[in-house]
Structures are given as C-alpha cells and as structure tokens.
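In what follows, a structure is listed as structure tokens, so that the remarks can point back to it.
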Number of protein chains: 2
Amino acid sequence: MPDYNHLSTQQLRQIKDDLLDRYRKFKSRGTTLDITRGKPCSEQLDLSSDMLDIINSRSYLTQEAVDCRNYGGLDGIPEVKQLFAQYLEVAPEEIIVGGNSSLNMMHDTFMRAMVKGVSEGCPAWAKLPKVKFLCPSPGYDRHFFICDYLDIDMITVEMNDTGPDMDQVEKLVAGDDSIKGIWCVPRYSNPTGVVYSDEVVDRLASMKTKAGDFRIFWDNAYAVHHLDDKPARLKNILTSCKQAGNPERVFIFGSTSKITFAGSGVAMMAGSTKNMAMTKKQLAFQTIGPDKLNQLRHAKFFKTVAGIEDHMNKHAAILKPKFEAVQDALDKELTGKKIADWSRPGGGYFVSIDTMDGCAAAVIQMAADAGVKLTPAGSTFPYMKDPLDRNIRIAPSFPPLEDISAAMELVGICIQLASIEKILTT
Amino acid sequence: MPDYNHLSTQQLRQIKDDLLDRYRKFKSRGTTLDITRGKPCSEQLDLSSDMLDIINSRSYLTQEAVDCRNYGGLDGIPEVKQLFAQYLEVAPEEIIVGGNSSLNMMHDTFMRAMVKGVSEGCPAWAKLPKVKFLCPSPGYDRHFFICDYLDIDMITVEMNDTGPDMDQVEKLVAGDDSIKGIWCVPRYSNPTGVVYSDEVVDRLASMKTKAGDFRIFWDNAYAVHHLDDKPARLKNILTSCKQAGNPERVFIFGSTSKITFAGSGVAMMAGSTKNMAMTKKQLAFQTIGPDKLNQLRHAKFFKTVAGIEDHMNKHAAILKPKFEAVQDALDKELTGKKIADWSRPGGGYFVSIDTMDGCAAAVIQMAADAGVKLTPAGSTFPYMKDPLDRNIRIAPSFPPLEDISAAMELVGICIQLASIEKILTT
C-alpha cells in the first residue's frame with residue numbers, strides 16, 4: 001500500500017484514472033444510498049416488538065396499582081424510575097423519566113436556563129449580555145443547533161482520544177464567567193466513539209469555573225450501546241461531582257431511543273436531588289405528567305438492567321457486521337496510503353473519518369453526485385463549519401449490510417480522489 | 001324555600017343548628033372524597049381500552065408505510081393530522097400533532113415567545129421590561145400558573161355568559177402594548193361552562209391591539225365534550241382572524257386527554273400556516289419527533305371525526321348522571337335561599353359555584369375538615385386570589401356517583417353554614 005504523499009505525479013495520475021473509472025461505474029449503476037443519520041434499522045426495532053403487546057386492554061396498572069391511563073406522576077412511575085436509575089447509576093430520587101425524547105429534555109433544560117436560570121438565585125441566561133458554551137468537536141450536530149438557536153456562542157474544544165482537551169477546557173472555564181457549560185457525549189461519543197477517561201471525568205467534575213452556574217450537559221446516549229464483549233468503563237460523573245463538592249454541576253441525559261423504539265422510547269434526565277427537585281417544580285408548569293403507559297411498557301419489557309443488557313447484545317449482533325463492513329471497506333481502500341484516519345469504535349452509532357485537510361466537503365459532494373448521501377460537511381462542528389474541512393461522519397446502522405459495503409467502497413474511492421487532487425495541486 | 005337574607009336571627013340560628021348537626025354527622029362518618037381535579041374516571045378510560053390492542057408487534061406502519069417505531073415526522077403522521085385538523089376545523093397544514101399534553105404545547109409556546117418572540121422580528125418577551133396577559137376569570141389555574149412562573153403580569157377580566165367582557169378587553173388591549181395575549185377556553189370554559197358567542201369570537205379576532213404581537217391562546221380543551229344532545233356551536237376563531245386580517249393572532253390547542261387517556265392521549269396545536277411553519281422550524285431544535293405509535297393508535301381507533309363524536313356520546317352517558325347529581329344536590333340544598341348561583345353547563349368538566357362574597361374559602365375549609373377535598377380557594381383566579389372570595393369549582397367526573405351526591409350534599413351544607421355566618425355577622 002503506497003503512501004500517496006510520496007508517489008510521483010505520474011503514478012498519482014494513473015491511480016486517479018483507475019479510481020475515476022470505478023467512480024463512474026458506481027455512478028452509472030444509479031444507486032441511491034443514505035448513511036446520514038444514526039437511525040436504527042427495522043431488524044433492531046423488531047427486537048422490541050413484543051413490548052407493544054405488553055400493555056393492552058387488561059394491563060395498565062403499575063405495581064402500586066396506579067392507573068397509567070390517567071393523569072399524574074410528573075417524574076415517572078416508580079418501577080421505570082427504579083429501572084433507569086440503575087441504568088444511569090443514580091438513585092431513584094436523582095432521576096426524572098419523561099416522554100419519548102432526551103433531546104427534548106436537553107432543549108427544555110436550556111430553555112428553563114434561558115428564562116429562569118439553572119438554579120435559584122442564578123441569572124436567567126436570556127438576561128445576560130452573552131452566554132458561551134464549550135463544544136468538544138467533532139460532536140453532535142443537534143447539540144450545537146440548540147446553542148445556535150438560542151444565540152449561545154459556541155467555543156470549539158478539541159477532542160482527544162480520552163475526551164475533550166482538558167487543559168484547554170480548564171483554562172477557558174477558569175477565565176470567563178460567560179462560559180456556562182459544556183456538551184459531552186461521554187461514552188462512544190458522537191461521532192468519534194471516544195470514551196471519556198476517569199481523569200477527564202474527574203477534571204470536569206472538579207475544575208474551577210469562573211461561572212458559579214456552570215453546567216455539564218452529559219448526554220449519555222450510548223450508555224449500554226456496546227459493540228464489543230468487553231465494554232468500556234465510564235466513571236460516574238455525578239459521584240465525581242459530589243466528591244468534588246460540585247453536586248449541582250451536571251445534568252445527565254439518556255433515552256431508550258436506540259434500545260427500544262427511536263420514536264417511541266422513554267427519555268430521562270438525572271442529577272443531584274436539589275437539581276431534580278427544582279426541575280420537577282418547573283416541570284409542573286409544563287405538564288401534568290409523561291406518557292405512563294409507555295413507561296410501563298418499558299418497565300415490564302425489561303424488568304431489570306440485566307434485561308436491558310441482554311437486549312443490547314441482540315442489537316450488537318445486528319450492528320457489529322455493519323461496523324465491520326465499514327472497517328473492511330476503509331481498510332481495503334485506504335490503509336497505508338496516509339490520506340485518512342478513522343475511528344474503530346467499541347460502541348455507539350458512528351464511525352468518524354478524518355481526511356487530509358480541506359478534503360471532507362469535496363468527498364461528501366462527490367459521494368452525493370454518485371448517489372451516496374453522507375452527513376452534510378461540517379455537521380460535526382459548531383456553526384456547521386469544520387475548520388480543517390476534514391471530518392466525515394458515517395452512520396452505518398440503518399442501511400442493509402450490502403449497501404454499507406457498496407457505499408463505503410465509494411466513500412473510499414472519493415477520499416482517494418479528493419486526496420490525490422489535493423496532493424497534485426499543492 | 002326561604003331567602004336566607006330575609007330570615008330573622010332566630011330563624012337563622014335554628015337552621016344553623018340543624019345544619020351543624022348534619023355537618024357533624026357527615027364528619028363522624030370519616031368519609032374522604034376528592035372532587036378537586038377534572039380527571040376522567042376509570043369507566044371513561046375503559047371506553048378507549050381497545051385502542052391499546054390496535055398497535056402491536058404486527059401493526060406499526062402508517063397508511064404510507066412509514067415505520068412509526070423509528071425517528072422522524074416532526075408535526076405528526078399524516079392520518080392523525082388529517083383527523084385532528086377536521087376535529088379543530090383547520091387545514092392539515094395548519095396543525096401540528098405532538099405528544100401527550102396540550103399544556104406542554106402551551107407552556108412551550110410561551111417559552112419560545114419568552115426567548116425568541118412570537119414571530120420573526122417580534123421582541124423576545126424575556127427582554128421586555130414587562131409583559132402582561134389578560135385572564136378571563138374564573139378560569140383555568142394551570143394557565144395562570146404559567147404566567148405566574150414566567151413573571152407575566154396577569155390582568156383579571158370578567159367572564160360574562162357569552163365569554164370575556166369584551167368592552168373591558170378591547171379597552172385594555174387598545175391602550176397598552178405590553179399586553180401580549182389572552183387566555184381563552186372558548187367552549188365549556190373551565191370552570192364556568194361558558195361557550196363564547198359568535199360576537200365575542202369576532203371581536204377577539206378583529207379588535208385593535210396596541211401590541212403588534214398580541215396572541216390569543218385558544219385552549220379548545222372541550223371541543224366535543226358535550227353533555228347535551230344539542231351541543232353548543234362555537235365560531236371558528238382562525239377563520240374569523242383571517243377575515244379580520246389578523247391570521248397570525250391565534251394559537252389553538254386541543255388534546256384527547258379527555259377523549260382517550262388523560263395521561264397517554266395526543267395533543268395538538270393549530271394556527272395560520274405561517275405560525276405553524278415557524279413553530280415547526282423551532283420544534284426541530286427540540287425534538288426529532290413525537291411518539292408516532294401513539295398517534296397511529298388514535299388514528300386507527302377513531303378513523304374519522306364521526307368516530308370521535310360517537311365515542312364522546314359514551315363519555316356523556318357516564319358523565320351526565322354525575323353532573324345531574326351535582327345539580328340535584330345543589331337544587332335541594334340551595335334553591336330559593338339566595339345565597340349561591342351555579343352553572344348548569346352543556347359540556348366540559350366543571351360546575352362553577354358562586355357563593356355570597358367572602359364565603360368560598362370558608363366553605364372549602366369546612367368541607368375539607370369533614371373529609372371532602374375541593375379545588376383550593378382562589379384557584380380559578382390569577383395569583384390564586386379570588387377578589388370576592390366566592391368561586392368554588394366542582395369537578396364531578398372522577399368520583400363514583402354516590403360519592404358525588406354525598407360530597408355535594410356536604411358542600412350545600414357548608415355553603416349554607418358559611419352564608420348564615422356571614423348574614424349573622426354583617
């Protein structure tokens with residue numbers, strides 16, 4: 001496998017011609033493939049189909065005989081709180097189980113912060129001249145969209161192999177009290193697959209922040225979404241925050257969107273009892289309660305966290321071959337050529353590719369022209385702007401295996417073409 | 001039936017002794033009854049039980065074969081939008097069908113107004129020195145709680161038999177641009193049962209408002225919740241607003257909380273295509289989509305608005321005897337005594353009693369002491385303060401018929417006792 005950076009112009013032109021030939025052949029097949037979003041496939045959804053039969057016209061009472069069809073129960077039914085408290089490794093009084101979307105809970109937490117501040121006596125963010133947020137990147141576009149929507153300045157922080165660059169984070173938060181928080185996807189981070197190290201967790205929990213109302217938005221979206229038999233550990237951030245004397249610093253989020261049904265799961269948030277008590281008080285203005293029937297479905301379907309873990313093994317069995325297909329195609333097309341790096345995640349929903357600087361948008365456009373839709377260029381960075389134009393997010397969960405292999409072969413071809421173009425013109 | 005206001009002190013004392021005797025007997029039975037909230041009873045919930053069996057492991061696709069288990073569909077699946085557009089008498093492009101709570105949609109509409117303003121170019125309410133809202137009262141406590149929570153000043157407007165006092169409303173909105181909206185429950189208003197007249201609807205739609213971003217929050221919670229065979233008409237507010245050249249003035253809300261399941265219904269909002277387009281744009285920051293499986297349950301269960309109407313007849317058959325029991329007890333205890341007026345609603349969930357001024361809190365306290373919990377005093381007014389201390393909200397849907405009769409007999413006794421006390425001491 002030759003390093004493209006050390007080939008002659010003539011060699012590169014020859015390779016380019018061969019690649020263009022393959023590209024045109026792919027394009028002429030008229031294939032259309034979409035690997036843009038981290039969306040479960042039908043086979044994954046089928047794993048939870050039985051959950052739909054659990055609640056029926058004769059089954060709608062909680063263990064305590066509360067009628068889930070009626071009003072009430074602001075923070076979730078007891079058995080679902082119990083289950084997901086264990087899932088998130090918090091106490092039942094440290095969790096609120098809500099509706100079908102953790103994004104909704106995150107967004108609403110921002111909205112409450114904007115209008116009321118994050119805690120009694122803290123300023124409403126909307127009344128401040130400026131609010132800033134740290135955005136470890138590449139990261140999750142929908143997190144960044146919330147900040148952009150609310151005119152919160154986003155500060156890009158580099159992602160290392162063990163989490164955000166903590167030297168950078170600590171320096172920033174120590175010096176600027178308009179920095180009110182940080183977005184984190186701590187396990188199998190979107191899109192890099194990075195799992196935060198214990199050190200990173202502890203430093204986030206204990207760092208000195210100039211803003212007294214600094215908050216970590218801890219989106220533990222892939223808490224049990226392992227691909228390997230030996231799942232990566234993640235230190236408990238709430239425990240670390242308590243130990244550091246900052247129990248109110250973290251809002252934890254999670255959902256079953258990628259465990260049961262992406263559109264009809266249950267979402268949850270967790271944090272200190274003080275934070276949860278305040279949130280419950282505020283939620284009482286918003287709703288009389290979440291959909292308890294759907295919560296009961298989940299509690300009865302899984303029963304225990306072990307039940308969830310067993311279930312996740314079935315997801316892994318479906319997803320693992322798809323992730324392997326991505327690796328196989330990238331290995332075959334790119335290994336040794338020194339034109340791209342990519343992640344080999346132990347879980348989560350994405351593979352993150354870094355091309356040579358200035359090539360990602362061209363690759364994504366080229367792939368689109370040949371019928372393969374990738375996540376738009378820049379999506380993994382604040383303001384949709386990848387400063388080095390090099391990150392490509394691959395979401396292999398939804399398409400069938402053969403489509404992934406085909407799509408990734410094309411992506412490999414496009415990366416080579418864009419890289420050769422770059423080498424030839426610089 | 002003697003007018004208590006014209007009896008002698010001695011006569012009143014005699015009556016009082018008899019009433020106290022009955023009161024003590026009731027109290028000694030140790031009954032505990034709760035008629036505080038407009039909550040459906042189990043028999044009503046049972047009417048929709050079959051809905052739970054409609055969606056199962058073999059049935060989760062929309063008419064257009066969209067998998068409701070997966071992500072997507074921000075504003076609702078087509079068949080549920082079609083159904084509830086007809087229900088709210090709007091076009092499918094004028095409706096958004098969401099989660100399980102219309103209160104949630106109202107609250108969130110306020111939050112968006114606070115942070116972003118109600119329309120492009122309109123000021124964020126949170127940035128204004130003062131925002132005020134008109135609150136026709138007696139009204140719905142949870143509406144008022146939202147204003148209170150957001151530090152929005154509430155201006156009480158009198159409720160007449162045909163809706164809010166429009167002379168008062170028109171004068172207020174014409175003169176003060178910090179008045180940004182009005183709360184309305186236009187049909188079978190909570191708690192008075194008032195149905196807004198065509199004239200009131202038209203005047204609300206066409207009145208001159210000093211605030212360019214004035215909004216009517218039209219909570220059509222009881223759109224089809226009739227008790228009579230001949231339901232009261234309600235003029236279409238969106239049509240009136242369009243005709244008056246104010247298409248953006250109204251946000252309409254509704255839900256099936258009191259049609260199917262109080263905790264697991266579907267909620268909806270409606271308005272001009274411009275308002276709905278903006279709302280959808282904003283919702284995209286909050287969620288990937290609502291619980292489509294529950295929407296599909298509703299669409300399949302009802303099929304048509306006629307299906308909903310048939311279903312509501314079954315609710316009426318359960319509720320009507322309960323409302324009659326309230327009337328019977330009040331008639332028996334209070335008629336002719338000139339110490340209270342009460343509503344005889346054609347639908348909705350409440351009976352509203354007006355006692356003599358200064359008696360409501362005493363009645364509610366006395367009833368509580370004897371084991372009957374009523375909606376807290378003042379609840380139907382802004383800031384929980386009933387200026388004349390006279391309104392009592394009765395919610396007869398939840399308890400069994402015999403409990404309602406017993407509770408209302410006690411309420412009748414308490415009203416007489418408080419009234420006699422007042423007459424004797426003034």
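In the structure tokens, chains take letters A, B, ... by order of appearance, with residues numbered from 1 within each chain and ligands from 1 in the order shown.
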Quiz item: Taking only C-alpha atoms into account, which residues of chain B are within 6 Å of chain A, as a VMD selection string?
Solution: chain B and resid 49 to 50 52 to 53 56 to 57 69 to 71 103 to 104 107 146 261 to 264 285 to 287 291
Quiz item: Leaving out B:Asp177 and any residue of its chain fewer than 3 positions from it, which residues lie within 12 Å of it when counting only C-alpha atoms, given as a list of chain:residue names?
Solution: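 So the residues in contact are B:Pro123, B:Trp125, B:Leu128, B:Pro129, B:Lys130, B:Val131, B:Lys132, B:Phe133, B:Lys171, B:Leu172, B:Val173, B:Ala174, B:Lys180, B:Gly181, B:Lys208, B:Thr209, B:Lys210, B:Ala211, B:Gly212, B:Asp213, B:Phe214, B:Arg215.
Here atom CA of A:Ile392 is placed at a distance of 25.8 Å from atom CA of A:Glu43.
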Exercise. If you run DSSP over the backbone, which residues in stretch 80-220 of chain A end up helix (DSSP H, G or I)? Put them as a ChimeraX atom specification.
Key: /A:80-88,92-94,102-116,125-127,141-149,166-175,198-206
Exercise. Extract the full set of strand (DSSP E) residues from stretch 129-259 of chain A according to DSSP on the backbone, and format it as a ChimeraX atom specification.
Key: /A:132-137,153-160,163-164,179-184,215-219,250-255
Practice problem: Can you work out which one of A:Leu204, A:Leu401, A:Ile155, A:Ala267 has the shortest atom-to-atom distance to A:Asp167, counting only C-alpha atoms? | Solution: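 With only C-alpha atoms as the atom set, the closest residue is A:Leu204.
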Self-check item: Shell of 9 Å around A:Lys235, only C-alpha atoms, local chain residues under 4 positions omitted, as a list in words
Solution: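 Counting only the stated atoms, we get Tyr196, Ser197, Asp198, Glu199, Val201, Asp202, Thr239 and Ser240 of chain A.
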Please produce a file of the residues just selected, as a PDB file, in the first residue's frame, where the atoms kept are N, CA and C atoms.
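In the end it all went to out.pdb:
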```pdb
ATOM      1  N   TYR A 196     -14.803   8.782  27.543  1.00  0.00           N
ATOM      2  CA  TYR A 196     -14.068   9.676  28.443  1.00  0.00           C
ATOM      3  C   TYR A 196     -13.322   8.861  29.498  1.00  0.00           C
ATOM      4  N   SER A 197     -12.078   9.223  29.719  1.00  0.00           N
ATOM      5  CA  SER A 197     -11.277   8.536  30.742  1.00  0.00           C
ATOM      6  C   SER A 197     -11.688   9.005  32.135  1.00  0.00           C
ATOM      7  N   ASP A 198     -11.306   8.220  33.137  1.00  0.00           N
ATOM      8  CA  ASP A 198     -11.589   8.604  34.527  1.00  0.00           C
ATOM      9  C   ASP A 198     -11.015   9.980  34.835  1.00  0.00           C
ATOM     10  N   GLU A 199      -9.822  10.231  34.319  1.00  0.00           N
ATOM     11  CA  GLU A 199      -9.178  11.507  34.589  1.00  0.00           C
ATOM     12  C   GLU A 199      -9.991  12.664  34.014  1.00  0.00           C
ATOM     13  N   VAL A 201     -13.212  12.686  33.408  1.00  0.00           N
ATOM     14  CA  VAL A 201     -14.436  12.822  34.215  1.00  0.00           C
ATOM     15  C   VAL A 201     -14.125  13.590  35.496  1.00  0.00           C
ATOM     16  N   ASP A 202     -13.062  13.198  36.172  1.00  0.00           N
ATOM     17  CA  ASP A 202     -12.719  13.866  37.440  1.00  0.00           C
ATOM     18  C   ASP A 202     -12.353  15.334  37.233  1.00  0.00           C
ATOM     19  N   THR A 239     -21.201  11.073  40.884  1.00  0.00           N
ATOM     20  CA  THR A 239     -20.380  10.758  42.052  1.00  0.00           C
ATOM     21  C   THR A 239     -19.143  11.652  42.103  1.00  0.00           C
ATOM     22  N   SER A 240     -18.487  11.797  40.970  1.00  0.00           N
ATOM     23  CA  SER A 240     -17.290  12.658  40.924  1.00  0.00           C
ATOM     24  C   SER A 240     -17.643  14.095  41.290  1.00  0.00           C
TER      25      SER A 240
END
```
Quiz item: Expressed in Å to a single decimal, how great is the separation between atom CA of A:Met366 and atom CA of A:Ala407?
Solution: 12.0 Å
Quiz prompt | Residues within 6 Å of stretch 336-353 of chain A, only C-alpha atoms, excluding chain neighbours under 2 positions, as number ranges by chain | solution = A: 1-4, 38, 188, 191-193, 222, 225-228, 334, 355-356, 391-395
